[in-house]
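**Student:** Provided herewith: final-v1.cif, mmCIF, C-alpha atoms.
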```cif
data_work
loop_
_atom_site.label_atom_id
_atom_site.label_comp_id
_atom_site.auth_asym_id
_atom_site.auth_seq_id
_atom_site.Cartn_x
_atom_site.Cartn_y
_atom_site.Cartn_z
CA MET A 49 156.25 -102.21 21.70
CA ASP A 50 159.15 -99.76 21.30
CA TRP A 51 158.35 -96.98 18.81
CA LEU A 52 161.77 -97.08 17.16
CA GLU A 53 161.61 -100.82 16.57
CA ASP A 54 158.15 -100.43 15.06
CA GLU A 55 159.41 -97.72 12.73
CA LEU A 56 162.48 -99.77 11.78
CA ARG A 57 160.25 -102.70 10.85
CA ARG A 58 158.20 -100.36 8.69
CA ALA A 59 161.25 -98.74 7.10
CA LEU A 60 162.99 -102.05 6.44
CA ALA A 61 159.97 -103.99 5.22
CA ARG A 62 160.71 -106.18 2.24
CA GLU A 63 160.33 -104.64 -1.19
CA ASP A 64 159.78 -106.40 -4.47
CA PRO A 65 162.61 -106.24 -6.97
CA PRO A 66 162.05 -104.40 -10.26
CA ASP A 67 159.47 -105.84 -12.65
CA GLY A 68 160.67 -108.80 -14.64
CA PHE A 69 163.40 -109.75 -12.15
CA ALA A 70 162.30 -113.38 -11.84
CA GLU A 71 161.98 -113.72 -15.61
CA ARG A 72 165.50 -112.36 -16.13
CA VAL A 73 166.95 -114.75 -13.55
CA LEU A 74 165.14 -117.74 -15.02
CA ALA A 75 166.09 -116.84 -18.58
CA ARG A 76 169.75 -116.51 -17.68
CA SER A 77 169.79 -119.67 -15.60
CA ARG A 78 168.35 -121.65 -18.52
CA ARG A 79 171.41 -120.58 -20.53
CA ALA A 80 173.80 -121.57 -17.69
CA PRO A 81 175.50 -124.99 -17.58
CA SER A 82 173.47 -127.69 -15.85
CA SER A 83 174.45 -128.90 -12.39
CA PRO A 84 177.74 -130.82 -12.13
CA ARG A 85 176.02 -133.96 -10.93
CA ARG A 86 173.76 -134.16 -13.95
CA TRP A 87 176.80 -133.47 -16.15
CA LEU A 88 178.73 -136.26 -14.48
CA ALA A 89 175.86 -138.70 -14.98
CA ALA A 90 175.76 -137.76 -18.66
CA ALA A 91 179.54 -138.14 -18.89
CA ALA A 92 179.42 -141.63 -17.36
CA MET A 93 176.89 -142.72 -20.00
CA VAL A 94 179.17 -141.46 -22.76
CA VAL A 95 182.06 -143.49 -21.32
CA VAL A 96 179.92 -146.63 -21.23
CA ALA A 97 178.53 -146.08 -24.71
CA ALA A 98 181.66 -144.96 -26.50
CA GLY A 99 184.56 -145.79 -24.13
CA ALA A 100 185.96 -142.28 -24.68
CA ALA A 101 189.12 -141.62 -22.63
CA GLY A 102 188.49 -137.89 -22.89
CA ALA A 103 185.16 -138.14 -21.06
CA TRP A 104 186.81 -140.18 -18.29
CA ARG A 105 189.46 -137.50 -17.88
CA GLU A 106 186.67 -134.91 -17.57
CA HIS A 107 185.01 -137.03 -14.92
CA ARG A 108 188.22 -137.36 -12.88
CA GLY A 109 188.86 -133.67 -13.36
CA ASN A 110 185.47 -132.73 -11.95
CA GLN A 111 186.05 -135.11 -9.06
CA ALA A 112 189.36 -133.41 -8.31
CA LYS A 113 187.65 -130.04 -8.60
CA GLN A 114 185.02 -130.99 -6.01
CA GLU A 115 187.74 -132.13 -3.62
CA LEU A 116 189.61 -128.86 -4.17
CA LEU A 117 186.48 -126.80 -3.48
CA LEU A 118 185.81 -128.84 -0.34
CA ALA A 119 189.37 -128.33 0.91
CA VAL A 120 189.24 -124.59 0.24
CA ARG A 121 185.87 -124.32 1.92
CA LEU A 122 187.07 -126.15 5.05
CA ALA A 123 190.14 -123.90 5.20
CA SER A 124 188.31 -120.66 4.45
CA VAL A 125 185.49 -120.89 6.99
CA PRO A 126 187.79 -120.55 10.04
CA MET A 127 189.72 -117.76 8.29
CA HIS A 128 186.44 -115.96 7.68
CA HIS A 129 185.65 -116.32 11.38
CA VAL A 130 189.02 -114.77 12.27
CA GLN A 131 188.37 -111.88 9.92
CA SER A 132 184.87 -111.33 11.35
CA GLN A 133 186.21 -111.31 14.88
CA ILE A 134 188.94 -108.83 14.04
CA ARG A 135 186.46 -106.59 12.20
CA GLY A 136 184.04 -106.83 15.12
CA ILE A 137 186.74 -105.70 17.54
CA SER A 138 187.88 -102.80 15.39
CA GLN A 139 184.34 -101.40 14.89
CA MET B 295 174.68 -131.35 11.69
CA LYS B 296 174.59 -133.57 8.68
CA SER B 297 177.24 -136.27 8.91
CA LEU B 298 179.87 -136.04 6.24
CA LEU B 299 180.89 -139.08 4.31
CA ILE B 300 184.48 -140.17 4.52
CA LEU B 301 186.04 -139.17 1.22
CA ALA B 302 188.82 -140.97 -0.55
CA CYS B 303 191.79 -138.71 -0.63
CA ALA B 304 193.16 -137.67 -3.98
CA ALA B 305 195.63 -140.53 -3.91
CA ALA B 306 192.86 -142.09 -6.00
CA LEU B 307 194.43 -140.03 -8.76
CA PRO B 308 197.74 -141.67 -9.70
CA LEU B 309 199.90 -138.69 -8.71
CA MET B 310 202.49 -138.42 -5.96
CA ALA B 311 201.37 -136.26 -3.03
CA ALA B 312 203.83 -133.55 -2.03
CA PRO B 313 204.63 -133.87 1.65
CA GLN B 314 202.74 -131.69 4.07
CA GLN B 315 204.75 -129.33 6.25
CA PHE B 316 203.90 -131.04 9.51
CA GLN B 317 202.60 -134.46 10.43
CA LEU B 318 198.84 -134.55 10.67
CA ASN B 319 198.99 -137.18 13.41
CA LEU B 320 195.41 -136.95 14.58
CA ASP B 321 194.65 -140.60 15.26
CA ALA B 322 193.43 -139.76 18.76
CA VAL B 323 190.89 -137.32 17.31
CA ALA B 324 189.84 -139.65 14.51
CA ALA B 325 189.20 -142.47 16.95
CA LYS B 326 186.56 -140.38 18.73
CA ALA B 327 184.95 -138.73 15.70
CA SER B 328 181.58 -139.75 14.29
CA SER B 329 182.71 -138.69 10.83
CA HIS B 330 185.76 -137.24 9.21
CA VAL B 331 186.94 -135.68 5.95
CA ASP B 332 190.47 -136.22 4.72
CA VAL B 333 191.71 -134.29 1.69
CA SER B 334 195.30 -134.27 0.42
CA LEU B 335 195.99 -132.43 -2.82
CA SER B 336 199.47 -132.11 -4.30
CA ALA B 337 200.56 -129.32 -6.61
CA SER B 338 199.95 -131.36 -9.75
CA THR B 339 196.49 -132.44 -8.57
CA LEU B 340 195.68 -128.84 -7.72
CA GLN B 341 196.68 -127.64 -11.15
CA PHE B 342 194.69 -130.46 -12.77
CA ALA B 343 191.61 -129.63 -10.69
CA ALA B 344 191.97 -125.91 -11.37
CA LYS B 345 191.49 -126.53 -15.10
CA PHE B 346 187.93 -127.61 -14.36
CA LEU B 347 187.03 -124.54 -12.33
CA ASP B 348 184.45 -122.29 -13.92
CA GLY B 349 186.11 -118.94 -14.58
CA SER B 350 182.73 -117.26 -15.01
CA ASP B 351 181.71 -118.17 -11.45
CA PRO B 352 183.11 -115.41 -9.20
CA ASP B 353 183.97 -117.82 -6.37
CA GLU B 354 185.55 -120.49 -8.56
CA ALA B 355 187.55 -117.78 -10.32
CA LYS B 356 188.89 -116.70 -6.92
CA VAL B 357 189.81 -120.29 -6.08
CA LYS B 358 191.61 -120.63 -9.40
CA LYS B 359 193.70 -117.57 -8.60
CA LEU B 360 194.28 -118.79 -5.05
CA VAL B 361 195.71 -122.17 -6.03
CA ALA B 362 198.17 -120.74 -8.53
CA GLY B 363 200.84 -120.31 -5.87
CA ILE B 364 200.00 -123.35 -3.75
CA ASP B 365 202.10 -126.51 -3.60
CA GLY B 366 199.66 -128.59 -1.60
CA ILE B 367 196.54 -128.50 0.58
CA TYR B 368 196.02 -130.97 3.41
CA VAL B 369 192.82 -130.90 5.40
CA ARG B 370 191.55 -133.06 8.22
CA HIS B 371 188.04 -132.28 9.45
CA PHE B 372 186.30 -134.19 12.24
CA GLU B 373 182.80 -134.05 13.64
CA PHE B 374 181.59 -135.43 16.94
CA LYS B 375 178.19 -136.52 18.18
CA SER B 376 178.53 -134.68 21.46
CA GLU B 377 180.36 -131.71 22.88
CA LYS B 378 183.67 -132.61 24.56
CA GLY B 379 183.95 -135.53 22.14
CA TRP B 380 187.57 -134.44 21.78
CA SER B 381 190.07 -132.87 24.17
CA PRO B 382 192.78 -130.23 23.68
CA ALA B 383 195.38 -132.88 24.51
CA ASP B 384 194.39 -134.74 21.33
CA LEU B 385 195.75 -131.83 19.28
CA GLU B 386 199.03 -131.53 21.17
CA PRO B 387 200.99 -133.71 18.67
CA VAL B 388 200.18 -131.12 15.99
CA ARG B 389 200.56 -128.02 18.18
CA ALA B 390 203.97 -129.22 19.37
CA GLN B 391 205.22 -129.20 15.77
CA LEU B 392 203.92 -125.67 15.23
CA ARG B 393 206.04 -124.42 18.11
CA GLY B 394 209.12 -125.04 15.95
CA PRO B 395 211.29 -122.10 14.81
CA GLU B 396 210.00 -122.16 11.25
CA TRP B 397 206.43 -121.45 12.39
CA SER B 398 205.04 -118.19 13.79
CA LYS B 399 201.59 -117.88 15.23
CA ILE B 400 200.04 -114.77 13.72
CA VAL B 401 196.57 -114.80 15.17
CA GLY B 402 194.43 -116.65 17.68
CA VAL B 403 190.76 -115.85 18.20
CA SER B 404 188.69 -117.40 20.89
CA SER B 405 184.99 -117.09 21.62
CA SER B 406 183.71 -118.16 25.00
CA GLU B 407 180.15 -117.55 23.79
CA ASP B 408 180.10 -120.38 21.25
CA GLY B 409 183.35 -122.18 22.10
CA GLU B 410 184.87 -121.50 18.70
CA ASN B 411 188.66 -121.10 18.54
CA VAL B 412 190.90 -120.50 15.54
CA ASP B 413 194.72 -120.31 15.56
CA VAL B 414 196.73 -119.47 12.46
CA TRP B 415 200.48 -119.93 11.90
CA LEU B 416 202.72 -118.93 9.03
CA ARG B 417 205.75 -120.92 7.98
CA THR B 418 208.67 -118.86 6.76
CA SER B 419 211.89 -119.58 4.93
CA GLY B 420 214.15 -116.57 5.01
CA ASN B 421 211.81 -113.66 4.49
CA LYS B 422 209.36 -115.64 2.47
CA THR B 423 206.10 -117.18 3.63
CA VAL B 424 205.97 -120.74 2.42
CA GLY B 425 203.03 -122.19 4.29
CA VAL B 426 200.00 -121.73 6.52
CA ALA B 427 198.66 -123.87 9.33
CA ILE B 428 195.17 -123.48 10.75
CA ILE B 429 193.66 -125.25 13.75
CA ALA B 430 189.96 -124.50 14.19
CA THR B 431 187.92 -126.05 16.95
CA GLU B 432 184.32 -125.96 18.05
CA PRO B 433 182.69 -128.12 20.69
CA LYS B 434 181.67 -130.66 18.04
CA GLU B 435 184.17 -130.02 15.24
CA VAL B 436 187.90 -129.99 14.73
CA THR B 437 189.60 -128.83 11.53
CA VAL B 438 193.34 -128.89 10.86
CA VAL B 439 194.69 -127.39 7.64
CA ASN B 440 198.13 -127.12 6.10
CA ILE B 441 198.54 -125.10 2.93
CA ALA B 442 202.03 -125.33 1.47
CA GLY B 443 203.11 -122.49 -0.76
CA THR B 444 202.07 -118.87 -1.13
CA ILE B 445 198.45 -118.06 -0.37
CA ASP B 446 196.41 -114.87 -0.16
CA LEU B 447 194.80 -115.15 3.27
CA GLU B 448 192.45 -112.23 2.59
CA THR B 449 190.96 -114.00 -0.44
CA LEU B 450 190.79 -117.26 1.48
CA SER B 451 188.82 -115.65 4.30
CA GLU B 452 186.48 -113.90 1.84
CA LEU B 453 185.61 -117.27 0.40
CA GLY B 454 184.73 -118.58 3.84
CA GLY B 455 181.18 -119.83 3.77
CA HIS B 456 180.69 -118.26 0.35
CA PHE B 457 180.26 -121.17 -1.91
CA GLY B 458 178.88 -124.59 -1.35
CA VAL B 459 176.23 -124.99 1.28
CA PRO B 460 176.38 -122.78 4.38
CA LYS B 461 175.61 -124.51 7.67
CA VAL B 462 172.02 -125.55 7.83
CA ASN B 463 170.00 -122.98 9.70
CA PRO B 464 166.82 -123.68 11.61
CA PRO B 465 163.70 -123.55 9.44
CA GLU B 466 162.77 -120.00 8.60
CA LYS B 467 159.88 -118.52 10.53
CA GLN B 468 156.88 -117.65 8.42
CA LYS B 469 156.89 -113.91 7.73
CA MET C 46 166.30 -129.35 -13.21
CA PRO C 47 167.96 -131.92 -10.93
CA ILE C 48 165.44 -134.61 -10.04
CA GLU C 49 166.58 -134.66 -6.44
CA ALA C 50 165.88 -130.96 -6.07
CA VAL C 51 162.37 -131.30 -7.45
CA GLU C 52 161.66 -134.27 -5.23
CA ALA C 53 162.79 -132.26 -2.23
CA GLY C 54 160.29 -129.58 -3.18
CA CYS C 55 163.02 -127.21 -4.34
CA ASP C 56 161.75 -126.10 -7.71
CA PHE C 57 164.08 -123.31 -8.86
CA PRO C 58 161.46 -121.01 -10.47
CA VAL C 59 159.27 -121.37 -7.39
CA LEU C 60 162.20 -120.53 -5.12
CA VAL C 61 163.02 -117.45 -7.16
CA ARG C 62 159.46 -116.11 -6.99
CA GLN C 63 159.08 -117.02 -3.33
CA HIS C 64 162.28 -115.43 -2.10
CA GLN C 65 163.10 -112.65 -4.56
CA ALA C 66 161.75 -109.97 -2.22
CA MET C 67 163.80 -111.23 0.71
CA VAL C 68 167.05 -111.47 -1.23
CA PHE C 69 166.57 -108.16 -3.05
CA SER C 70 165.59 -106.34 0.13
CA ILE C 71 168.59 -107.55 2.14
CA ALA C 72 170.85 -106.19 -0.58
CA LEU C 73 168.82 -103.00 -0.99
CA HIS C 74 168.67 -102.08 2.67
CA PHE C 75 172.34 -102.84 3.11
CA LEU C 76 173.64 -101.14 -0.02
CA ARG C 77 170.93 -98.52 -0.53
CA ASP C 78 171.31 -98.76 -4.28
CA ARG C 79 168.61 -100.45 -6.35
CA ALA C 80 170.84 -101.31 -9.30
CA SER C 81 173.51 -102.89 -7.08
CA ALA C 82 170.84 -104.70 -5.10
CA GLU C 83 169.37 -106.20 -8.26
CA GLU C 84 172.83 -107.33 -9.44
CA VAL C 85 173.58 -108.93 -6.08
CA ALA C 86 170.16 -110.59 -5.98
CA GLN C 87 170.67 -112.07 -9.44
CA GLU C 88 174.10 -113.44 -8.42
CA VAL C 89 172.57 -115.02 -5.32
CA PHE C 90 169.98 -116.88 -7.38
CA PHE C 91 172.57 -117.98 -9.96
CA SER C 92 174.59 -119.37 -7.08
CA LEU C 93 171.50 -121.22 -5.87
CA HIS C 94 170.97 -122.64 -9.35
CA ARG C 95 174.54 -123.97 -9.40
CA ASN C 96 174.21 -125.52 -5.93
CA LEU C 97 170.61 -126.66 -6.16
CA ARG C 98 171.38 -130.34 -5.75
CA GLN C 99 172.76 -129.65 -2.29
CA ILE C 100 169.55 -128.05 -1.06
CA GLU C 101 167.64 -130.40 1.18
CA SER C 102 164.26 -128.72 1.62
CA PRO C 103 162.39 -125.47 1.01
CA ALA C 104 163.28 -124.31 4.54
CA HIS C 105 166.93 -125.04 3.89
CA ALA C 106 166.71 -123.10 0.62
CA ALA C 107 165.33 -120.06 2.42
CA ALA C 108 168.07 -120.12 5.05
CA TRP C 109 170.71 -120.71 2.39
CA LEU C 110 169.48 -117.81 0.28
CA ARG C 111 169.42 -115.49 3.22
CA LYS C 112 172.98 -116.35 4.23
CA VAL C 113 174.35 -116.01 0.71
CA ALA C 114 172.46 -112.72 0.21
CA VAL C 115 174.09 -111.41 3.38
CA GLN C 116 177.56 -112.46 2.26
CA ARG C 117 177.24 -111.11 -1.27
CA SER C 118 175.81 -107.83 -0.04
CA ILE C 119 178.70 -107.37 2.36
CA ASP C 120 181.20 -108.21 -0.36
CA GLU C 121 179.59 -105.78 -2.78
CA GLY C 122 179.61 -103.08 -0.12
CA ARG C 123 183.34 -103.60 0.45
CA ARG C 124 184.03 -103.60 -3.26
CA ARG C 125 182.35 -100.26 -3.62
CA ASN C 126 183.75 -99.05 -0.34
CA ARG C 127 180.37 -97.62 0.29
CA ARG C 128 179.40 -96.23 3.62
CA PRO C 129 177.22 -93.23 3.01
CA GLN C 130 177.84 -90.68 5.68
CA VAL C 131 174.68 -88.98 6.76
CA ALA C 132 175.73 -85.82 8.48
CA LEU C 133 172.98 -84.30 10.53
CA GLU C 134 173.20 -81.18 8.38
CA ASP C 135 172.36 -83.28 5.32
CA VAL C 136 169.21 -84.59 6.83
CA ALA C 137 166.28 -82.53 5.73
CA GLU C 138 164.72 -80.62 8.56
CA PRO C 139 161.34 -82.14 9.21
CA ALA C 140 158.76 -79.70 7.98
CA ALA C 141 156.45 -80.94 10.69
CA ARG C 142 156.68 -83.56 13.35
CA PHE C 143 156.51 -87.08 12.05
CA SER C 144 153.52 -89.26 12.64
CA PRO C 145 153.92 -92.98 13.21
CA GLY C 146 154.36 -94.64 9.83
CA ASP C 147 155.35 -91.39 8.08
CA PRO C 148 157.16 -92.31 4.83
CA MET C 149 159.63 -89.48 5.40
CA LEU C 150 160.56 -90.99 8.73
CA SER C 151 161.02 -94.38 7.06
CA ASP C 152 163.28 -92.78 4.49
CA LEU C 153 165.30 -91.05 7.19
CA LEU C 154 165.68 -94.30 9.09
CA ARG C 155 166.82 -96.15 6.00
CA ARG C 156 169.49 -93.52 5.39
CA LEU C 157 170.64 -93.64 8.99
CA VAL C 158 170.81 -97.43 8.91
CA ALA C 159 172.81 -97.28 5.67
CA SER C 160 175.35 -95.05 7.39
CA LEU C 161 176.11 -97.62 10.09
CA PRO C 162 179.31 -99.65 9.88
CA GLU C 163 179.02 -102.89 7.99
CA ALA C 164 178.44 -105.37 10.81
CA PRO C 165 175.83 -103.44 12.84
CA ARG C 166 174.12 -102.41 9.60
CA MET C 167 173.55 -106.01 8.57
CA VAL C 168 172.51 -106.94 12.11
CA ILE C 169 169.82 -104.23 12.02
CA VAL C 170 168.64 -105.34 8.56
CA LEU C 171 168.34 -108.97 9.62
CA ARG C 172 166.60 -108.07 12.86
CA TYR C 173 164.03 -105.66 11.50
CA GLN C 174 163.56 -106.80 7.94
CA GLU C 175 163.74 -110.54 8.56
CA ASP C 176 162.65 -110.56 12.19
CA LEU C 177 165.50 -112.88 13.13
CA GLU C 178 166.45 -113.58 16.72
CA PRO C 179 170.03 -112.74 17.80
CA ALA C 180 171.07 -116.41 17.68
CA GLU C 181 169.82 -116.69 14.10
CA ILE C 182 171.62 -113.48 13.15
CA ALA C 183 174.79 -114.80 14.79
CA ALA C 184 174.58 -117.97 12.68
CA ALA C 185 173.98 -116.02 9.47
CA LEU C 186 176.88 -113.66 10.12
CA GLU C 187 179.16 -116.22 11.77
CA MET C 188 179.69 -113.98 14.76
CA PRO C 189 179.12 -114.53 18.47
CA VAL C 190 175.63 -113.90 19.82
CA ALA C 191 177.07 -111.44 22.35
CA THR C 192 178.50 -109.38 19.51
CA VAL C 193 175.15 -109.36 17.73
CA LYS C 194 173.38 -108.16 20.87
CA SER C 195 176.00 -105.48 21.40
CA HIS C 196 175.62 -104.21 17.83
CA LEU C 197 171.83 -104.12 18.24
CA GLN C 198 171.97 -102.27 21.52
CA ARG C 199 174.49 -99.68 20.38
CA SER C 200 172.87 -99.11 17.01
CA LEU C 201 169.40 -98.61 18.49
CA ALA C 202 170.82 -96.21 21.05
CA MET C 203 172.59 -94.25 18.33
CA LEU C 204 169.51 -94.14 16.10
CA ARG C 205 167.27 -93.17 18.98
CA GLY C 206 169.67 -90.39 20.00
CA LYS C 207 169.91 -88.97 16.48
CA LEU C 208 166.16 -88.98 16.03
CA GLU C 209 165.32 -87.57 19.42
CA ARG C 210 167.77 -84.71 18.91
CA ARG C 211 165.70 -83.86 15.85
CA GLY C 212 162.51 -83.96 17.83
CA VAL C 213 161.50 -87.35 16.51
CA GLY C 214 160.32 -89.88 18.99
CA GLU C 215 157.46 -91.16 21.01
CA SER C 216 156.96 -87.76 22.55
CA GLY C 217 157.11 -86.18 19.11
CA TRP C 218 154.13 -87.81 17.48
CA THR C 219 151.52 -85.44 16.29
CA GLY C 220 148.76 -87.95 16.41
#
```
Using structure tokens, write down the structure that the file contains.
**Tutor:**
Amino acid sequence: MDWLEDELRRALAREDPPDGFAERVLARSRRAPSSPRRWLAAAAMVVVAAGAAGAWREHRGNQAKQELLLAVRLASVPMHHVQSQIRGISQ
Amino acid sequence: MKSLLILACAAALPLMAAPQQFQLNLDAVAAKASSHVDVSLSASTLQFAAKFLDGSDPDEAKVKKLVAGIDGIYVRHFEFKSEKGWSPADLEPVRAQLRGPEWSKIVGVSSSEDGENVDVWLRTSGNKTVGVAIIATEPKEVTVVNIAGTIDLETLSELGGHFGVPKVNPPEKQK
Amino acid sequence: MPIEAVEAGCDFPVLVRQHQAMVFSIALHFLRDRASAEEVAQEVFFSLHRNLRQIESPAHAAAWLRKVAVQRSIDEGRRRNRRPQVALEDVAEPAARFSPGDPMLSDLLRRLVASLPEAPRMVIVLRYQEDLEPAEIAAALEMPVATVKSHLQRSLAMLRGKLERRGVGESGWTG
């Protein structure tokens, strides 16, 4: 096998992050908001139990938000491809 | 590729959709697609949705900033079971409209390696840019986008593939 | 923890422990800054936590993490406008010829890789850290396979040239 490729594999071998990295990530993620889908399920139960118009508005708002994110994602992926191509040509 | 469910467009929200800047007459493409996504968001819907974006998430914060100047986003995305499920002629009704004087094609990239092509047009009024059109095609996918209003294309391209789920890659080899 | 994610075998703490080295190392070898690499790695896992319900399997999670780590590392590199220039004069003269596996040679290689332009740098990291094939690298970077191969070829030639001019190479081993 090529000596340079061997040495590159050695040089670029994975390294562990600093001690306590996983604990820090898990601790911070426990403080973060729960996933939207679980939130929406909880919101639907509130609507059923209490008939709160505010919770329904939140639900529709999150629905609109997901559609917005989908639209932006579908538009941004081809733009990212254009940018990558242009960068690839200029390098 | 995972099939995408057909989504109800935001007309489900009782708000008038602002007109898009060209007709998205893609019936010929839709007829051949195995799945499609159809999103139409007016300015008021965009502003409503933006209130629910998480400002502490770097990507959602970028989206929030992006939509501030936008009057509407209209996206049609189609997927096909096989390559050549669609033909360039199917997109001619849209391309013909983008040859009008108010549109200028600013970039077209084409890759013969993977068959991916992206064309981008800007719509101008006087010296002002008032819209963007994107047609992106792959052998098994077609995406047509109209964004009405002022948009930062650099930010839009940075977001590409950033949030949500990237395309599914083959299972990782054991290292 | 979303039930669906657990049922799919995508337990978040397990995913963090399983893939922290991969994610951290992609950022580290690209940015060559431990503090920045840790920040990027944390952001990648927070993004996973927010999108966990969309992950379909452990293999999908691994591919997803790798792609997001790549994107965030590139973004961080652009934000810092970091491209360390390693002039040959800055490279310490080898006190003796390197032996295969010499840590000083590894350090030199890491510095040389970090001085590559953004795209070839990430191609090299994915090839030699993650052992990805060109097609997998192309998918992760959303670039044509031909471009990936070209980056690999040119980067290896450049690295080989720089090392051999310093007397480092197959003919230079002491052992």
**Student:** Give me the residues near stretch 146-158 of chain C as a PyMOL selection string, where near means some atom within 8 Å (using only C-alpha atoms) and where sequence neighbours in that chain fewer than 5 positions away do not count.
**Tutor:** (chain A and resi 55-56+58-60) or (chain C and resi 74+77+131+136+166+169+204)
**Student:** Dump as CSV the rows for residues of chain A within 7 Å of chain B: closest atom pair and distance in Å with one decimal, only C-alpha atoms counted, ordered by chain and rising residue number.
**Tutor:**
```
residue,atom,partner,partner_atom,distance
A:Gly109,CA,B:Ala343,CA,5.6
A:Asn110,CA,B:Phe346,CA,6.2
A:Ala112,CA,B:Ala343,CA,5.0
A:Lys113,CA,B:Ala343,CA,4.5
A:Glu115,CA,B:Val333,CA,7.0
A:Leu116,CA,B:Ala343,CA,6.9
A:Ala119,CA,B:Val369,CA,6.2
A:Arg121,CA,B:Gly454,CA,6.2
A:Ala123,CA,B:Val439,CA,6.2
A:Ser124,CA,B:Gly454,CA,4.2
A:Val125,CA,B:Gly454,CA,4.0
A:Pro126,CA,B:Ala430,CA,6.1
A:Met127,CA,B:Ser451,CA,4.6
A:His128,CA,B:Ser451,CA,4.1
A:Val130,CA,B:Val403,CA,6.3
A:Gln131,CA,B:Ser451,CA,6.8
```
**Student:** Which residues fall under the PyMOL selection byres ((chain B and resi 382) around 12) in this file, as a VMD selection string?
**Tutor:** chain B and resid 320 322 to 323 378 to 381 383 to 389 411 429 to 433 436
**Student:** Mind telling me what the PyMOL selection byres ((chain C) within 6 of (chain A)) catches here, as a compact mmCIF listing (two decimals) with C-alpha atoms, in the frame of the given file?
**Tutor:**
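Output file out_12.txt is given in full below:
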```
# COMPACT_ATOMS: atom_id res chain seq x y z
CA ALA C 66 161.75 -109.97 -2.22
CA PHE C 69 166.57 -108.16 -3.05
CA SER C 70 165.59 -106.34 0.13
CA ARG C 95 174.54 -123.97 -9.40
CA SER C 151 161.02 -94.38 7.06
CA TYR C 173 164.03 -105.66 11.50
CA GLN C 174 163.56 -106.80 7.94
```
**Student:** Could you tell me how far atom CA of C:Ala72 sits from atom CA of C:Pro145, in Å to one decimal place?
**Tutor:**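 Going from atom CA of C:Pro145 over to atom CA of C:Ala72 covers 25.5 Å.
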**Student:** Env of C:Met67: 12 Å cut, atoms = only C-alpha atoms, seq-sep filter 4 positions within chain, self excluded. Answer as number ranges by chain.
**Tutor:** A: 60-65; B: 466, 469; C: 60-63, 71-74, 82-83, 86, 89-90, 107-115, 170-171, 174-176
**Student:** Quick check on the file I pasted: which residues fall under the PyMOL selection byres ((chain C and resi 179) around 7)? Write them as a PDB file with C-alpha atoms, in the coordinates of the input.
**Tutor:**
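selection-v7.pdb, freshly written:
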```pdb
ATOM      1  CA  LEU C 177     165.500-112.880  13.130  1.00  0.00           C
ATOM      2  CA  GLU C 178     166.450-113.580  16.720  1.00  0.00           C
ATOM      3  CA  ALA C 180     171.070-116.410  17.680  1.00  0.00           C
ATOM      4  CA  GLU C 181     169.820-116.690  14.100  1.00  0.00           C
ATOM      5  CA  ILE C 182     171.620-113.480  13.150  1.00  0.00           C
ATOM      6  CA  ALA C 183     174.790-114.800  14.790  1.00  0.00           C
ATOM      7  CA  VAL C 190     175.630-113.900  19.820  1.00  0.00           C
ATOM      8  CA  VAL C 193     175.150-109.360  17.730  1.00  0.00           C
ATOM      9  CA  LYS C 194     173.380-108.160  20.870  1.00  0.00           C
TER      10      LYS C 194
END
```
**Student:** Would you mind reading off the distance between atom CA of B:Phe374 and atom CA of B:Ala325, one decimal, in Å?
**Tutor:** 10.4 Å
**Student:** Would you please work out which residue, of B:Glu377, B:Glu396, B:Asp351, B:Glu435, is nearest to chain C when using all atoms listed in the file?
**Tutor:**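 Of B:Glu377, B:Glu396, B:Asp351, B:Glu435, the one nearest chain C is B:Asp351, counting all atoms listed in the file.
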**Student:** If you measure from atom CA of B:Pro352 to atom CA of B:Thr423, what distance in Å do you get, rounded to one decimal?
**Tutor:** 26.4 Å
**Student:** In terms of the shortest atom-to-atom distance over only C-alpha atoms, which of B:Leu318, B:Leu392, B:Gly420, B:Ser406 is closest to chain C?
**Tutor:**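 When distances to chain C are compared using only C-alpha atoms, the smallest one comes from B:Ser406.
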